[in-house]
Amino acid sequence: NQKRLATLRHHETTSKDGVGVMLAANIGTASDLPAVLENGAEAIGLMRTEFLYMDADQLPTEDEQFNVYRQVVQSMAPRPVVIRTLDIGGDKPLPYLKTKHEDNPFMGERAIRQSLAHQKIFRSQLRALLRASAFGNLRIMFPMIATLDEFRQAKAIYDDERSKLTTAQVPMGKVKVGMMVEVPAAALLADRFAQEVDFMSVGTNDLIGYTMAADRTNQDVAYLYQPYHPAILRLVDRIIHAGHAAGIPVAMCGEMAGDPIAVPLLLGMGLDEFSMGAGAVLKTRELIGQLNAHDLQSLVETALNSASTSQEVITMVQAAVPGVL
Ligand code: PEP
Ligand code: MG
C-alpha cells in the first residue's frame with residue numbers, strides 16, 4: 001500500500017475524468033518540510049506561524065522570522081507557499097505576551113483582531129514575509145476575517161510596509177494576499193470579499209465550530225463537529241461559487257480537505273486546492289484519481305438540496321462512489 005502510494009509522489013493530481021486540482025500540505029514549522037517534499041505536495045496551502053511564536057520565550061525578531069520564511073519559500077520554489085499571519089488567542093495564547101483575561105477567548109481578540117490591535121507585531125511579521133517573498137512564490141493569508149473592514153485594514157498595513165521596503169530598495173517578489181474563510185459571516189458574504197482578495201481558503205476547523213456553536217476543544221460537544229452537516233456543505237459550496245464567479249481560486253486548509261468522505265463532495269463543488277497534513281496527501285491523490293468530478297455534481301446537488309442530516313450525506317456519498325470508499 002505504501003509502495004503503491006509512493007508511485008504517485010511525482011504525479012499531478014487529476015480526477016479520473018481529467019479535472020486537475022492542487023494538492024497542498026499544511027505545516028507548522030520548517031521541520032515539517034521534508035515530509036512535504038517526500039509526500040509530493042504541490043504547494044504549501046497553510047503555514048501556521050503561531051509555532052514560531054509559541055516555541056519561544058520572547059517575540060521572534062524580524063530577522064529570525066525572515067530566516068524561517070525564506071527557508072520555507074526557497075525549499076518549495078517555484079511552488080506556491082501560503083503563509084498565514086499570526087493566529088494567536090483562542091486556544092493559542094502566547095505566554096510571554098501579557099494579555100487581558102477573556103471569558104470567551106474563541107470569541108475574543110484572536111488572530112487578525114489581535115494583529116490589528118497590536119500592529120507592532122503584525123508589521124514586523126509582514127516585513128519579514130515581504131523580504132522572504134524575493135526567494136520564491138509567497139502568498140500571505142489573514143486569519144479570522146469577519147468583516148471587509150478588517151481585510152481592508154490589514155491590506156492597507158501590508159501596502160504600507162511594502163511601500164516602505166520599496167523605498168529602501170529591498171528586493172521583493174509578487175505576493176498574492178488572501179484570507180481564510182472561517183467565520184460564518186465571511187462565508188455568507190464571500191461574494192463581496194471575492195471582489196477584493198486574491199484568493200480564499202476555507203478554514204473548516206473554525207468554520208464548523210462557529211457555525212455549530214460548538215467549541216472545537218470541548219469533548220462534550222464534539223458530536224456537533226460535523227463536516228458533512230448540510231449547513232456546512234451549503235456554506236462551503238457558497239464560498240467556492242463566490243470565488244469562481246469573481247475569477248479567484250478557492251482552497252481549503254481545514255481538516256475536512258483530507259477527509260475521504262468530504263473529498264468527493266469538494267471535488268464535485270469545484271474546490272481548486274486541497275491542503276492537509278503531509279501524511280494525507282498521497283492517499284487523497286489516489287482517491288481523487290478514482291473519482292469522476294463531473295458525475296459528482298449530481299451528488300453535490302442532492303446533498304445540498306435534499307439531505308437533512310450528516311448521516312444522510314454520508315450514505316449518499318458512499319452510494320455515489322461504490323467500491324472507492
Ligand atoms: C481552520 O480553522 O480550519 C484552520 C485551518 O486553522 P486553525 O486550525 O489553525 O485554526
Ligand atoms: Mg482557524
# chains A, B, ... in the order shown; residues from 1 in each chain; ligands from 1
>>> select_by_dssp(residues="range 96-242 of chain A", states="helix (DSSP H, G or I)", output="ChimeraX atom specification")
/A:105-107,112-117,119-135,148-167,184-188,190-193,204-212,219-224,230-242
>>> write_last_selection(atoms="C-alpha atoms", output="PDB file, in the first residue's frame")
ATOM      1  CA  PRO A 105     -11.263  33.591  24.085  1.00  0.00           C
ATOM      2  CA  PHE A 106     -12.650  31.949  20.930  1.00  0.00           C
ATOM      3  CA  MET A 107     -14.944  34.933  20.555  1.00  0.00           C
ATOM      4  CA  ILE A 112      -6.411  39.297  12.810  1.00  0.00           C
ATOM      5  CA  ARG A 113      -8.215  41.116  15.636  1.00  0.00           C
ATOM      6  CA  GLN A 114      -5.084  40.848  17.760  1.00  0.00           C
ATOM      7  CA  SER A 115      -2.873  41.840  14.797  1.00  0.00           C
ATOM      8  CA  LEU A 116      -4.865  44.979  14.060  1.00  0.00           C
ATOM      9  CA  ALA A 117      -4.983  45.943  17.735  1.00  0.00           C
ATOM     10  CA  GLN A 119       0.237  46.439  14.980  1.00  0.00           C
ATOM     11  CA  LYS A 120       3.871  46.338  16.007  1.00  0.00           C
ATOM     12  CA  ILE A 121       3.978  42.543  15.983  1.00  0.00           C
ATOM     13  CA  PHE A 122       1.910  42.396  12.795  1.00  0.00           C
ATOM     14  CA  ARG A 123       4.087  44.894  10.938  1.00  0.00           C
ATOM     15  CA  SER A 124       7.280  43.102  11.880  1.00  0.00           C
ATOM     16  CA  GLN A 125       5.806  39.826  10.610  1.00  0.00           C
ATOM     17  CA  LEU A 126       4.713  41.455   7.353  1.00  0.00           C
ATOM     18  CA  ARG A 127       8.187  42.920   6.789  1.00  0.00           C
ATOM     19  CA  ALA A 128       9.788  39.523   7.384  1.00  0.00           C
ATOM     20  CA  LEU A 129       7.330  37.954   4.939  1.00  0.00           C
ATOM     21  CA  LEU A 130       7.845  40.619   2.287  1.00  0.00           C
ATOM     22  CA  ARG A 131      11.622  40.208   2.481  1.00  0.00           C
ATOM     23  CA  ALA A 132      11.209  36.430   2.124  1.00  0.00           C
ATOM     24  CA  SER A 133       8.995  36.934  -0.941  1.00  0.00           C
ATOM     25  CA  ALA A 134      12.088  37.605  -3.058  1.00  0.00           C
ATOM     26  CA  PHE A 135      13.070  33.928  -2.711  1.00  0.00           C
ATOM     27  CA  LEU A 148     -14.444  43.685   4.851  1.00  0.00           C
ATOM     28  CA  ASP A 149     -13.123  46.469   7.010  1.00  0.00           C
ATOM     29  CA  GLU A 150     -10.729  44.098   8.756  1.00  0.00           C
ATOM     30  CA  PHE A 151      -9.423  42.845   5.432  1.00  0.00           C
ATOM     31  CA  ARG A 152      -9.022  46.369   4.098  1.00  0.00           C
ATOM     32  CA  GLN A 153      -7.175  47.498   7.219  1.00  0.00           C
ATOM     33  CA  ALA A 154      -4.832  44.510   7.152  1.00  0.00           C
ATOM     34  CA  LYS A 155      -4.209  45.026   3.425  1.00  0.00           C
ATOM     35  CA  ALA A 156      -3.513  48.735   3.973  1.00  0.00           C
ATOM     36  CA  ILE A 157      -0.902  47.894   6.604  1.00  0.00           C
ATOM     37  CA  TYR A 158       0.619  45.376   4.206  1.00  0.00           C
ATOM     38  CA  ASP A 159       0.704  48.020   1.433  1.00  0.00           C
ATOM     39  CA  ASP A 160       2.276  50.498   3.818  1.00  0.00           C
ATOM     40  CA  GLU A 161       5.088  48.113   4.815  1.00  0.00           C
ATOM     41  CA  ARG A 162       5.583  47.129   1.198  1.00  0.00           C
ATOM     42  CA  SER A 163       5.995  50.708   0.050  1.00  0.00           C
ATOM     43  CA  LYS A 164       8.487  51.424   2.837  1.00  0.00           C
ATOM     44  CA  LEU A 165      10.558  48.435   1.755  1.00  0.00           C
ATOM     45  CA  THR A 166      10.303  49.542  -1.870  1.00  0.00           C
ATOM     46  CA  THR A 167      11.684  52.960  -0.893  1.00  0.00           C
ATOM     47  CA  PRO A 184     -19.718  32.252   9.138  1.00  0.00           C
ATOM     48  CA  ALA A 185     -20.279  35.958   8.405  1.00  0.00           C
ATOM     49  CA  ALA A 186     -17.397  35.908   5.921  1.00  0.00           C
ATOM     50  CA  ALA A 187     -18.709  32.710   4.343  1.00  0.00           C
ATOM     51  CA  LEU A 188     -22.108  34.300   3.808  1.00  0.00           C
ATOM     52  CA  ALA A 190     -17.891  35.572   0.312  1.00  0.00           C
ATOM     53  CA  ASP A 191     -19.119  37.181  -2.926  1.00  0.00           C
ATOM     54  CA  ARG A 192     -18.228  40.635  -1.610  1.00  0.00           C
ATOM     55  CA  PHE A 193     -14.875  39.519  -0.223  1.00  0.00           C
ATOM     56  CA  THR A 204     -13.261  24.350   8.253  1.00  0.00           C
ATOM     57  CA  ASN A 205     -11.908  23.670  11.736  1.00  0.00           C
ATOM     58  CA  ASP A 206     -13.144  27.033  12.905  1.00  0.00           C
ATOM     59  CA  LEU A 207     -15.966  27.406  10.376  1.00  0.00           C
ATOM     60  CA  ILE A 208     -17.605  24.234  11.694  1.00  0.00           C
ATOM     61  CA  GLY A 209     -17.045  25.262  15.307  1.00  0.00           C
ATOM     62  CA  TYR A 210     -18.528  28.721  14.857  1.00  0.00           C
ATOM     63  CA  THR A 211     -21.400  27.559  12.647  1.00  0.00           C
ATOM     64  CA  MET A 212     -22.443  24.778  15.003  1.00  0.00           C
ATOM     65  CA  GLN A 219     -15.063  16.876  24.071  1.00  0.00           C
ATOM     66  CA  ASP A 220     -18.594  17.072  25.465  1.00  0.00           C
ATOM     67  CA  VAL A 221     -19.824  18.812  22.323  1.00  0.00           C
ATOM     68  CA  ALA A 222     -17.522  17.017  19.891  1.00  0.00           C
ATOM     69  CA  TYR A 223     -20.577  15.308  18.382  1.00  0.00           C
ATOM     70  CA  LEU A 224     -21.510  18.685  16.885  1.00  0.00           C
ATOM     71  CA  PRO A 230     -25.759  20.050   5.190  1.00  0.00           C
ATOM     72  CA  ALA A 231     -25.445  23.519   6.753  1.00  0.00           C
ATOM     73  CA  ILE A 232     -21.656  23.316   6.490  1.00  0.00           C
ATOM     74  CA  LEU A 233     -21.830  21.963   2.940  1.00  0.00           C
ATOM     75  CA  ARG A 234     -24.061  24.845   1.894  1.00  0.00           C
ATOM     76  CA  LEU A 235     -21.578  27.366   3.284  1.00  0.00           C
ATOM     77  CA  VAL A 236     -18.608  25.683   1.599  1.00  0.00           C
ATOM     78  CA  ASP A 237     -20.449  25.441  -1.730  1.00  0.00           C
ATOM     79  CA  ARG A 238     -21.378  29.093  -1.491  1.00  0.00           C
ATOM     80  CA  ILE A 239     -17.771  30.152  -0.864  1.00  0.00           C
ATOM     81  CA  ILE A 240     -16.498  28.126  -3.830  1.00  0.00           C
ATOM     82  CA  HIS A 241     -19.104  29.581  -6.173  1.00  0.00           C
ATOM     83  CA  ALA A 242     -18.494  33.116  -4.933  1.00  0.00           C
TER      84      ALA A 242
END
>>> closest_atom_pairs(of="range 220-312 of chain A", to="range 33-46 of chain A", cutoff="9 Å", atoms="only C-alpha atoms", output="CSV")
residue,atom,partner,partner_atom,distance
A:Ala251,CA,A:Gly45,CA,7.8
A:Met252,CA,A:Gly45,CA,8.1
A:Cys253,CA,A:Leu46,CA,6.4
A:Glu273,CA,A:Gly45,CA,7.9
A:Phe274,CA,A:Gly45,CA,7.7
A:Ser275,CA,A:Gly45,CA,5.2
A:Met276,CA,A:Gly45,CA,7.8
A:Gly277,CA,A:Val36,CA,8.5
A:Ala278,CA,A:Val36,CA,5.3
A:Gly279,CA,A:Asn39,CA,7.0
A:Ala280,CA,A:Asn39,CA,8.5
A:Val281,CA,A:Asn39,CA,6.4
A:Leu282,CA,A:Asn39,CA,6.3
>>> select_by_dssp(residues="range 176-283 of chain A", states="strand (DSSP E)", output="VMD selection string")
chain A and resid 176 to 181 200 to 202 250 to 252 273 to 277
>>> closest_residue(among="A:Gly203, A:Gly108, A:Pro227, A:Gly89", to="ligand 1", atoms="only C-alpha atoms and all ligand atoms")
A:Gly203
>>> closest_residue(among="A:Arg79, A:Arg216, A:Lys98, A:Arg70", to="ligand 1", atoms="only C-alpha atoms and all ligand atoms")
A:Arg216
>>> closest_residue(among="A:Met180, A:Leu97, A:Ala320, A:Ala194", to="ligand 1", atoms="only C-alpha atoms and all ligand atoms")
A:Met180
>>> residues_around(residues="Met179 in chain A", least_positions_apart="2", cutoff="9 Å", atoms="only C-alpha atoms", output="JSON, numbers by chain")
{"A": [84, 140, 141, 142, 143, 144, 145, 151, 177, 181, 193, 197, 198, 199, 200, 201, 202]}
>>> write_last_selection(atoms="all heavy atoms", output="short mmCIF file (atom, residue, chain, number, x, y, z; two decimals), in the first residue's frame")
data_model
loop_
_atom_site.label_atom_id
_atom_site.label_comp_id
_atom_site.auth_asym_id
_atom_site.auth_seq_id
_atom_site.Cartn_x
_atom_site.Cartn_y
_atom_site.Cartn_z
N ARG A 84 0.30 32.11 6.72
CA ARG A 84 -0.78 32.81 7.42
C ARG A 84 -0.19 33.69 8.51
O ARG A 84 0.67 33.25 9.26
CB ARG A 84 -1.73 31.78 8.03
CG ARG A 84 -2.87 32.41 8.80
CD ARG A 84 -3.84 31.37 9.29
NE ARG A 84 -3.29 30.61 10.41
CZ ARG A 84 -3.93 29.58 10.97
NH1 ARG A 84 -5.09 29.18 10.50
NH2 ARG A 84 -3.39 28.95 12.00
N ILE A 140 0.34 35.57 1.11
CA ILE A 140 0.08 35.91 2.52
C ILE A 140 -1.43 35.80 2.77
O ILE A 140 -2.24 36.23 1.94
CB ILE A 140 0.58 37.33 2.84
CG1 ILE A 140 2.12 37.38 2.70
CG2 ILE A 140 0.16 37.76 4.25
CD1 ILE A 140 2.73 38.76 2.93
N MET A 141 -1.77 35.22 3.92
CA MET A 141 -3.19 34.99 4.22
C MET A 141 -3.51 35.50 5.62
O MET A 141 -2.77 35.25 6.57
CB MET A 141 -3.45 33.50 4.11
CG MET A 141 -4.84 33.06 4.48
SD MET A 141 -5.19 31.45 3.76
CE MET A 141 -4.36 30.35 4.89
N PHE A 142 -4.63 36.20 5.75
CA PHE A 142 -5.06 36.72 7.05
C PHE A 142 -6.11 35.79 7.67
O PHE A 142 -7.08 35.41 7.00
CB PHE A 142 -5.66 38.12 6.90
CG PHE A 142 -4.72 39.13 6.28
CD1 PHE A 142 -5.14 39.94 5.22
CD2 PHE A 142 -3.42 39.28 6.76
CE1 PHE A 142 -4.28 40.87 4.65
CE2 PHE A 142 -2.55 40.21 6.20
CZ PHE A 142 -2.99 41.01 5.14
N PRO A 143 -5.94 35.44 8.95
CA PRO A 143 -6.88 34.53 9.63
C PRO A 143 -8.07 35.25 10.26
O PRO A 143 -7.96 36.42 10.65
CB PRO A 143 -6.01 33.91 10.73
CG PRO A 143 -5.01 34.98 11.08
CD PRO A 143 -4.79 35.78 9.81
N MET A 144 -9.20 34.56 10.37
CA MET A 144 -10.35 35.01 11.17
C MET A 144 -10.97 36.33 10.69
O MET A 144 -11.49 37.09 11.49
CB MET A 144 -9.94 35.16 12.64
CG MET A 144 -9.78 33.86 13.37
SD MET A 144 -11.35 33.04 13.69
CE MET A 144 -12.12 34.15 14.84
N ILE A 145 -10.88 36.59 9.40
CA ILE A 145 -11.51 37.81 8.89
C ILE A 145 -13.03 37.67 9.00
O ILE A 145 -13.60 36.67 8.54
CB ILE A 145 -11.10 38.03 7.41
CG1 ILE A 145 -9.59 38.28 7.27
CG2 ILE A 145 -11.93 39.13 6.78
CD1 ILE A 145 -9.12 39.66 7.65
N PHE A 151 -10.31 43.20 6.54
CA PHE A 151 -9.42 42.84 5.43
C PHE A 151 -8.77 44.10 4.86
O PHE A 151 -7.57 44.12 4.60
CB PHE A 151 -10.15 42.07 4.33
CG PHE A 151 -9.21 41.70 3.22
CD1 PHE A 151 -8.34 40.63 3.37
CD2 PHE A 151 -9.13 42.47 2.07
CE1 PHE A 151 -7.41 40.32 2.37
CE2 PHE A 151 -8.21 42.17 1.06
CZ PHE A 151 -7.36 41.09 1.21
N VAL A 177 -2.38 38.31 -1.85
CA VAL A 177 -2.86 38.50 -0.48
C VAL A 177 -4.30 38.00 -0.39
O VAL A 177 -5.18 38.46 -1.12
CB VAL A 177 -2.77 39.98 -0.06
CG1 VAL A 177 -3.25 40.16 1.37
CG2 VAL A 177 -1.32 40.49 -0.19
N VAL A 181 -11.48 31.88 5.13
CA VAL A 181 -12.92 31.99 5.36
C VAL A 181 -13.24 30.96 6.44
O VAL A 181 -13.28 29.76 6.17
CB VAL A 181 -13.73 31.74 4.08
CG1 VAL A 181 -15.22 31.96 4.36
CG2 VAL A 181 -13.26 32.65 2.96
N PHE A 193 -16.31 39.67 -0.49
CA PHE A 193 -14.88 39.52 -0.22
C PHE A 193 -14.12 39.16 -1.51
O PHE A 193 -13.02 39.65 -1.74
CB PHE A 193 -14.64 38.43 0.82
CG PHE A 193 -14.89 38.88 2.23
CD1 PHE A 193 -16.08 38.57 2.89
CD2 PHE A 193 -13.94 39.62 2.91
CE1 PHE A 193 -16.31 38.98 4.19
CE2 PHE A 193 -14.16 40.05 4.22
CZ PHE A 193 -15.34 39.72 4.86
N VAL A 197 -10.10 40.23 -2.57
CA VAL A 197 -8.97 39.40 -2.16
C VAL A 197 -8.40 38.66 -3.38
O VAL A 197 -9.09 38.50 -4.39
CB VAL A 197 -9.39 38.36 -1.07
CG1 VAL A 197 -10.00 39.07 0.13
CG2 VAL A 197 -10.39 37.35 -1.63
N ASP A 198 -7.15 38.22 -3.28
CA ASP A 198 -6.56 37.47 -4.39
C ASP A 198 -6.94 35.99 -4.34
O ASP A 198 -6.90 35.30 -5.35
CB ASP A 198 -5.03 37.59 -4.35
CG ASP A 198 -4.56 39.02 -4.64
OD1 ASP A 198 -5.25 39.73 -5.39
OD2 ASP A 198 -3.50 39.41 -4.10
N PHE A 199 -7.23 35.48 -3.13
CA PHE A 199 -7.64 34.09 -3.01
C PHE A 199 -8.34 33.89 -1.66
O PHE A 199 -8.20 34.73 -0.75
CB PHE A 199 -6.44 33.13 -3.11
CG PHE A 199 -5.43 33.27 -2.00
CD1 PHE A 199 -5.53 32.52 -0.84
CD2 PHE A 199 -4.39 34.19 -2.11
CE1 PHE A 199 -4.61 32.67 0.20
CE2 PHE A 199 -3.46 34.35 -1.08
CZ PHE A 199 -3.57 33.58 0.07
N MET A 200 -9.09 32.82 -1.56
CA MET A 200 -9.75 32.49 -0.29
C MET A 200 -9.39 31.05 0.06
O MET A 200 -9.24 30.20 -0.81
CB MET A 200 -11.27 32.60 -0.43
CG MET A 200 -11.75 33.99 -0.81
SD MET A 200 -13.55 34.23 -0.67
CE MET A 200 -14.13 33.29 -2.06
N SER A 201 -9.26 30.79 1.37
CA SER A 201 -9.02 29.42 1.81
C SER A 201 -9.97 29.13 2.97
O SER A 201 -10.01 29.88 3.95
CB SER A 201 -7.56 29.25 2.24
OG SER A 201 -7.31 27.89 2.55
N VAL A 202 -10.73 28.06 2.82
CA VAL A 202 -11.76 27.76 3.81
C VAL A 202 -11.12 27.05 5.01
O VAL A 202 -10.49 26.00 4.86
CB VAL A 202 -12.86 26.85 3.22
CG1 VAL A 202 -14.02 26.74 4.20
CG2 VAL A 202 -13.35 27.40 1.88
#
>>> residues_around(residues="Thr49 in chain A", least_positions_apart="3", cutoff="10 Å", atoms="only C-alpha atoms", output="number ranges by chain")
A: 27-29, 46, 52-54, 65, 68-69, 83-88, 125
